[in-house]
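Notes to accompany the following structure.
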Amino acid sequence: MLVVSDTSPISTLFVVGKLNLLRDLFGEVVIPANVFAELSRLKEFGYDLADLENAPWLVVRPARDTTAVKDLSNQLAPGESEAIVLAQEGFVAGGRIGGIEPSANGGASGRVLCVGRFNNNEFR
């Protein structure tokens with residue numbers, strides 16, 4: 001199972017020193033280029049991102065449908081927009097630790113599966 005994440009779960013787990021939980025739960029986590037750019041801003045707050053940048057299980061993959069990303073970016077942050085489009089392109093999504101259920105034909109069914117949510121470094 002491939003998991004696509006937006007910025008919030010990764011940055012929150014990184015800041016609290018528990019980034020390994022994503023690796024342990026999912027193996028490989030795919031993030032869009034926009035999410036990687038958003039995560040890079042943690043450097044501005046003094047964080048050393050070497051562990052994040054060198055994590056072999058964290059794969060940066062751009063969404064193919066740039067038009068859909070742009071359309072969603074009118075309502076959502078760039079990382080969230082691109083993560084949703086990646087999910088719709090056939091991945092099981094894990095932004096906000098949830099997902100979009102895959103359909104029988106390999107695409108996304110549109111049913112959102114929500115497992116939990118991160119907010120202000122607190123788990124809900």
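The chains in the structure tokens are called A, B, ... from first to last as shown; in each chain the residues are counted from 1, and the ligands are counted from 1 in the order shown.
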- Message: Give me the residues near Val15 of chain A as a PyMOL selection string, where near means some atom within 10 Å (using only C-alpha atoms) and where sequence neighbours in that chain fewer than 3 positions away do not count.
- Response: chain A and resi 10-12+18-19+42+47+121
- Pro62 of chain A: which residues within 9 Å, counting only C-alpha atoms, same-chain residues fewer than 3 positions away excluded, as a list in words?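 Listed by chain and then number, they are Ile31, Pro32, Ala33, Asn34, Asp65, Thr66, Glu82, Ala83 and Leu86 of chain A.
The list of residues with at least one atom within 12 Å of Ala50 of chain A, based on only C-alpha atoms and without residues fewer than 6 positions apart in the same chain, reads A:Phe14, A:Leu39, A:Ser40, A:Leu42, A:Lys43, A:Pro56.
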- Shell around Val69 of chain A at 8 Å using only C-alpha atoms, local window under 2 positions removed, as a list in words: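 These residues fall inside the cut-off: Ala63, Asp65, Thr66, Thr67, Asp71, Leu72, Ser73, Pro78, Ser81, Glu82 and Val85 of chain A.
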Please save N, CA and C atoms of the selected residues as a PDB file, in the first residue's frame.
```pdb
ATOM      1  N   ALA A  63       2.495  15.380  -8.737  1.00  0.00           N
ATOM      2  CA  ALA A  63       1.223  14.997  -9.354  1.00  0.00           C
ATOM      3  C   ALA A  63       1.341  15.232 -10.858  1.00  0.00           C
ATOM      4  N   ASP A  65      -1.369  15.667 -12.920  1.00  0.00           N
ATOM      5  CA  ASP A  65      -2.425  16.583 -13.366  1.00  0.00           C
ATOM      6  C   ASP A  65      -2.243  17.960 -12.723  1.00  0.00           C
ATOM      7  N   THR A  66      -1.378  18.763 -13.331  1.00  0.00           N
ATOM      8  CA  THR A  66      -1.076  20.084 -12.772  1.00  0.00           C
ATOM      9  C   THR A  66      -2.275  21.030 -12.841  1.00  0.00           C
ATOM     10  N   THR A  67      -3.161  20.816 -13.775  1.00  0.00           N
ATOM     11  CA  THR A  67      -4.367  21.645 -13.862  1.00  0.00           C
ATOM     12  C   THR A  67      -5.257  21.415 -12.648  1.00  0.00           C
ATOM     13  N   ASP A  71      -6.337  24.115  -9.798  1.00  0.00           N
ATOM     14  CA  ASP A  71      -7.747  24.364  -9.466  1.00  0.00           C
ATOM     15  C   ASP A  71      -8.002  24.214  -7.966  1.00  0.00           C
ATOM     16  N   LEU A  72      -7.450  23.178  -7.364  1.00  0.00           N
ATOM     17  CA  LEU A  72      -7.631  22.965  -5.930  1.00  0.00           C
ATOM     18  C   LEU A  72      -6.907  24.022  -5.096  1.00  0.00           C
ATOM     19  N   SER A  73      -5.810  24.548  -5.638  1.00  0.00           N
ATOM     20  CA  SER A  73      -5.023  25.540  -4.903  1.00  0.00           C
ATOM     21  C   SER A  73      -5.775  26.850  -4.682  1.00  0.00           C
ATOM     22  N   PRO A  78      -1.017  24.602  -1.303  1.00  0.00           N
ATOM     23  CA  PRO A  78      -0.433  23.844  -2.421  1.00  0.00           C
ATOM     24  C   PRO A  78      -0.128  22.387  -2.089  1.00  0.00           C
ATOM     25  N   SER A  81      -3.366  20.406  -1.928  1.00  0.00           N
ATOM     26  CA  SER A  81      -3.913  20.270  -3.280  1.00  0.00           C
ATOM     27  C   SER A  81      -3.213  19.166  -4.055  1.00  0.00           C
ATOM     28  N   GLU A  82      -1.894  19.181  -4.013  1.00  0.00           N
ATOM     29  CA  GLU A  82      -1.149  18.188  -4.776  1.00  0.00           C
ATOM     30  C   GLU A  82      -1.290  16.787  -4.173  1.00  0.00           C
ATOM     31  N   VAL A  85      -4.589  15.391  -5.399  1.00  0.00           N
ATOM     32  CA  VAL A  85      -4.510  14.984  -6.807  1.00  0.00           C
ATOM     33  C   VAL A  85      -3.727  13.679  -6.939  1.00  0.00           C
TER      34      VAL A  85
END
```
